[in-house]
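Below is protein34.txt, holding compact mmCIF, C-alpha atoms.
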```txt
# COMPACT_ATOMS: atom_id res chain seq x y z
CA MET A 7 -31.88 -0.60 -14.16
CA ILE A 8 -33.11 -1.83 -17.51
CA GLY A 9 -30.51 -1.09 -20.16
CA LEU A 10 -27.94 0.22 -17.67
CA TYR A 11 -25.96 -3.00 -17.19
CA SER A 12 -22.48 -2.80 -18.66
CA PRO A 13 -21.11 -6.32 -19.23
CA GLY A 14 -17.70 -7.08 -17.84
CA THR A 15 -15.55 -9.59 -15.99
CA SER A 16 -14.11 -7.35 -13.28
CA LEU A 17 -14.10 -8.31 -9.62
CA ILE A 18 -16.94 -5.85 -9.06
CA HIS A 19 -19.04 -7.52 -11.76
CA ARG A 20 -18.41 -10.96 -10.25
CA ALA A 21 -19.02 -9.97 -6.62
CA PRO A 22 -22.18 -11.45 -5.05
CA THR A 23 -25.19 -9.17 -5.47
CA LEU A 24 -26.15 -9.24 -1.79
CA LEU A 25 -22.60 -8.26 -0.81
CA LYS A 26 -22.67 -5.34 -3.27
CA LEU A 27 -26.08 -4.26 -1.99
CA PHE A 28 -24.93 -4.46 1.64
CA LEU A 29 -21.74 -2.47 0.92
CA LEU A 30 -23.71 0.10 -1.07
CA SER A 31 -26.13 0.59 1.82
CA LEU A 32 -23.33 0.73 4.40
CA CYS A 33 -21.31 3.28 2.40
CA VAL A 34 -24.34 5.52 1.80
CA VAL A 35 -25.18 5.48 5.53
CA LEU A 36 -21.58 6.20 6.56
CA ILE A 37 -21.19 9.02 4.04
CA GLY A 38 -24.61 10.45 4.86
CA THR A 39 -23.84 10.64 8.58
CA SER A 40 -20.28 11.94 8.26
CA SER A 41 -19.72 15.66 8.71
CA ASN A 42 -16.01 15.40 7.87
CA PRO A 43 -15.16 16.74 4.38
CA TRP A 44 -12.09 14.46 4.24
CA VAL A 45 -14.30 11.37 4.61
CA VAL A 46 -16.57 12.51 1.77
CA GLY A 47 -13.56 13.41 -0.38
CA GLY A 48 -11.93 10.05 0.34
CA ALA A 49 -15.18 8.30 -0.53
CA ALA A 50 -15.34 10.20 -3.83
CA ALA A 51 -11.79 9.12 -4.67
CA GLY A 52 -12.66 5.54 -3.69
CA VAL A 53 -15.72 5.55 -5.95
CA ALA A 54 -13.61 6.85 -8.85
CA LEU A 55 -11.17 3.96 -8.29
CA LEU A 56 -14.09 1.49 -8.20
CA PHE A 57 -15.33 2.80 -11.56
CA LEU A 58 -11.83 2.35 -12.99
CA ALA A 59 -11.63 -1.18 -11.56
CA ALA A 60 -15.04 -2.07 -13.01
CA ARG A 61 -13.97 -0.76 -16.43
CA VAL A 62 -17.41 0.67 -17.21
CA PRO A 63 -17.61 3.12 -20.12
CA VAL A 64 -16.88 6.68 -18.98
CA ARG A 65 -19.71 8.14 -21.06
CA ALA A 66 -22.27 5.73 -19.57
CA ALA A 67 -21.05 6.45 -16.03
CA ALA A 68 -21.19 10.20 -16.61
CA ALA A 69 -24.73 9.89 -17.98
CA GLN A 70 -25.81 8.30 -14.69
CA ILE A 71 -24.27 11.03 -12.55
CA ALA A 72 -25.10 14.06 -14.73
CA PRO A 73 -28.77 14.46 -13.62
CA ILE A 74 -27.80 14.92 -9.95
CA VAL A 75 -25.13 17.44 -10.95
CA LEU A 76 -27.76 19.50 -12.77
CA ILE A 77 -29.95 19.49 -9.66
CA LEU A 78 -26.99 20.47 -7.51
CA LEU A 79 -26.28 23.48 -9.73
CA VAL A 80 -29.48 24.93 -8.28
CA ALA A 81 -29.46 23.36 -4.82
CA VAL A 82 -25.86 24.15 -3.78
CA PRO A 83 -26.09 27.94 -4.12
CA ILE A 84 -29.37 27.97 -2.20
CA GLN A 85 -27.95 25.71 0.51
CA GLY A 86 -24.77 27.80 0.59
CA LEU A 87 -26.66 31.03 1.15
CA LEU A 88 -28.96 29.53 3.78
CA SER A 89 -26.64 27.23 5.74
CA GLY A 90 -23.10 28.00 4.68
CA TRP A 91 -20.83 26.86 1.89
CA THR A 92 -19.18 24.05 3.85
CA ILE A 93 -22.54 22.40 4.51
CA ALA A 94 -23.53 22.94 0.86
CA ALA A 95 -20.30 21.32 -0.35
CA LEU A 96 -20.80 18.37 2.03
CA MET A 97 -24.37 17.91 0.79
CA ALA A 98 -23.22 17.98 -2.84
CA GLY A 99 -20.39 15.54 -2.17
CA ARG A 100 -22.63 13.13 -0.30
CA LEU A 101 -25.25 13.12 -3.05
CA ILE A 102 -22.73 12.69 -5.87
CA VAL A 103 -20.98 9.81 -4.07
CA ALA A 104 -24.30 8.10 -3.23
CA VAL A 105 -25.61 8.42 -6.79
CA ALA A 106 -22.26 7.26 -8.21
CA LEU A 107 -22.28 4.18 -5.95
CA ALA A 108 -25.85 3.37 -6.97
CA ALA A 109 -24.90 3.84 -10.63
CA LEU A 110 -21.93 1.52 -10.19
CA PHE A 111 -24.21 -1.09 -8.64
CA THR A 112 -26.73 -0.93 -11.49
CA MET A 113 -24.00 -0.92 -14.16
CA THR A 114 -22.29 -4.02 -12.75
CA THR A 115 -25.33 -6.05 -11.68
CA THR A 116 -27.97 -7.59 -13.92
CA VAL A 117 -31.66 -7.22 -13.12
CA THR A 118 -31.90 -11.02 -12.86
CA ALA A 119 -29.16 -11.06 -10.23
CA VAL A 120 -30.96 -8.36 -8.23
CA LEU A 121 -34.22 -10.31 -8.36
CA GLU A 122 -32.50 -13.52 -7.26
CA ALA A 123 -30.81 -11.61 -4.43
CA PHE A 124 -34.17 -10.30 -3.21
CA GLN A 125 -35.61 -13.79 -3.31
CA ASN A 126 -32.61 -15.20 -1.41
CA LEU A 127 -32.84 -12.39 1.13
CA LEU A 128 -36.50 -13.19 1.77
CA ARG A 129 -36.11 -16.98 1.72
CA PRO A 130 -35.96 -17.29 5.55
CA PHE A 131 -39.40 -15.65 5.65
CA ARG A 132 -40.97 -17.95 3.05
CA ARG A 133 -43.40 -19.24 5.65
CA PHE A 134 -44.93 -15.78 5.73
CA ILE A 135 -44.00 -14.33 2.31
CA ASP A 136 -44.20 -15.81 -1.17
CA THR A 137 -40.66 -15.02 -2.36
CA ASP A 138 -41.48 -15.71 -6.01
CA ARG A 139 -44.35 -13.24 -5.86
CA VAL A 140 -42.09 -10.59 -4.27
CA GLY A 141 -39.49 -11.23 -6.98
CA LEU A 142 -42.17 -10.76 -9.62
CA LEU A 143 -43.29 -7.55 -7.89
CA VAL A 144 -39.75 -6.16 -7.91
CA ALA A 145 -39.31 -7.16 -11.57
CA LEU A 146 -42.58 -5.48 -12.55
CA THR A 147 -41.63 -2.37 -10.59
CA ILE A 148 -38.29 -2.14 -12.36
CA ARG A 149 -40.00 -2.72 -15.71
CA CYS A 150 -42.73 -0.14 -15.11
CA ILE A 151 -40.38 2.74 -14.35
CA PRO A 152 -39.19 3.11 -17.97
CA LEU A 153 -42.74 2.32 -19.16
CA VAL A 154 -44.20 5.26 -17.21
CA SER A 155 -41.26 7.42 -18.27
CA ASP A 156 -42.09 6.65 -21.92
CA ILE A 157 -45.75 7.48 -21.31
CA VAL A 158 -44.82 10.86 -19.81
CA ARG A 159 -42.47 11.58 -22.72
CA GLU A 160 -45.18 10.69 -25.28
CA VAL A 161 -47.77 12.88 -23.53
CA LEU A 162 -45.33 15.81 -23.46
CA GLU A 163 -44.48 15.28 -27.15
CA ALA A 164 -48.17 15.16 -28.06
CA ARG A 165 -48.78 18.33 -26.08
CA THR A 166 -45.89 20.06 -27.84
CA ALA A 167 -47.10 18.86 -31.26
CA ARG A 168 -50.53 20.36 -30.58
CA GLY A 169 -48.90 23.60 -29.51
CA THR A 170 -50.89 23.71 -26.31
CA ARG A 171 -49.84 24.95 -22.94
CA GLY A 172 -51.73 23.91 -19.91
CA SER A 173 -51.59 23.14 -16.28
CA LEU A 174 -50.01 20.19 -14.56
CA LEU A 175 -53.46 18.59 -14.60
CA SER A 176 -53.43 18.55 -18.42
CA ILE A 177 -50.31 16.36 -18.24
CA ALA A 178 -51.24 14.26 -15.21
CA VAL A 179 -54.65 13.07 -16.43
CA PRO A 180 -53.43 11.51 -19.72
CA VAL A 181 -50.40 9.99 -17.93
CA VAL A 182 -52.58 8.41 -15.23
CA VAL A 183 -55.16 7.13 -17.74
CA ARG A 184 -52.52 5.61 -20.02
CA SER A 185 -50.69 4.12 -17.02
CA LEU A 186 -53.92 2.48 -15.84
CA TYR A 187 -54.52 1.05 -19.32
CA ALA A 188 -50.96 -0.34 -19.34
CA ALA A 189 -51.43 -1.82 -15.85
CA ASP A 190 -54.72 -3.42 -16.90
CA ALA A 191 -53.09 -4.98 -19.98
CA LEU A 192 -50.20 -6.24 -17.83
CA GLY A 193 -52.63 -7.76 -15.33
CA GLU A 194 -54.52 -9.54 -18.10
CA ALA A 195 -51.25 -10.88 -19.51
CA LEU A 196 -50.25 -12.24 -16.07
CA ILE A 197 -53.64 -13.89 -15.59
CA ALA A 198 -53.39 -15.44 -19.07
CA ARG A 199 -50.03 -16.94 -18.05
CA GLY A 200 -51.52 -18.63 -15.00
CA LEU A 201 -50.98 -16.12 -12.21
CA ASP A 202 -54.04 -15.53 -10.07
CA ASP A 203 -55.46 -12.18 -8.98
```
In structure tokens, how does this file's structure come out?
Amino acid sequence: MIGLYSPGTSLIHRAPTLLKLFLLSLCVVLIGTSSNPWVVGGAAAGVALLFLAARVPVRAAAAQIAPIVLILLVAVPIQGLLSGWTIAALMAGRLIVAVALAALFTMTTTVTAVLEAFQNLLRPFRRFIDTDRVGLLVALTIRCIPLVSDIVREVLEARTARGTRGSLLSIAVPVVVRSLYAADALGEALIARGLDD
């Protein structure tokens, strides 16, 4: 979610985060359980209208949906041959709509708003759960995804620069070691700022 937010003043941008999260979850469940192609097609048209209403940049929206399309270029023919082309088309439509809805959510909702929503959602359980700690956990999780992605990219670039080819283990070990170093540094920084173990 870091760096994906597209500022705006549309109704979708201003909608409460918990409402957006609830509607996202509800739509994904309804689309995922529907076997009617018209429902999936209508949902796709609805998502396109939501993107227009949110006025997010087309290029940024396409960049969020493109990775799933690349995966579907391989998955749809396999699914079509094994289970039939109607089922393959339904699977592709469901995945594209779900990813597009998730992309719309992340492009119209700030990370801070998501964290506050999680804390508000857990507030009734504050007798049992430290909501601030859970909010910090979610924030760190969101922050660590691009951090680990950068580590993987750097390891792959270093491997390419050396001109070596190796097994998955030759990539995994440096990624895990560097991730553990980053986690240790993050833990020390949190302790230095007054958070306990």
Worksheet item: Using all atoms listed in the file, which of A:Asn42, A:Ser185, A:Thr23, A:Ser155 sits nearest Thr92 in chain A?
Response: A:Asn42
Discussion item. The residues within 10 Å of (-22.2, 4.8, -15.1), using only C-alpha atoms and the coordinates of the file, should be reported as a list in words; which are they?
Written reply: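 Those residues lying close to the given coordinates are Leu10, Tyr11, Ser12, Phe57, Val62, Pro63, Val64, Arg65, Ala66, Ala67, Ala68, Ala69, Gln70, Ile71, Ala72, Val105, Ala106, Leu107, Ala108, Ala109, Leu110, Phe111, Thr112, Met113 and Thr114 of chain A.
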Practice prompt. Fewer than 2 positions away in the same chain doesn't count, so skip those; otherwise give me all residues within 10 Å of range 44-48 of chain A, counting only C-alpha atoms, as an NGL selection string.
Written response: :A and (36-38 or 40-42 or 50-54 or 95-103)
Item to complete: Work out how far CA of Ile157 in chain A is from CA of Leu186 in chain A, in Å to one decimal.
Response: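 Those two atoms sit 11.0 Å apart.
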Practice prompt. Measuring atom to atom with only C-alpha atoms, identify which of A:Arg132, A:Ile84, A:Leu79, A:Cys33 is nearest to Ala104 in chain A.
Written response: A:Cys33
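Relative to CA of Val144 in chain A, CA of Thr118 in chain A is found at 10.5 Å.
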Worksheet item: Near Leu17 in chain A, within 10 Å and counting all atoms listed in the file, which residues show up once chain neighbours fewer than 6 positions away are dropped, as a PyMOL selection string?
Response: chain A and resi 56+59-60+114
Discussion item. Taking (-32.6, -10.1, 1.1) as a centre in this file's frame and 12 Å as the limit, can you find every polymer residue with an atom that close, using only C-alpha atoms, and give them as number ranges by chain?
Written reply: A: 23-28, 119-132, 137, 140-141
Worksheet item: How many Å separate CA of Leu58 in chain A from CA of Ser16 in chain A?
Response: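 Answer for the CA of Leu58 in chain A to CA of Ser16 in chain A separation: 10.0 Å.
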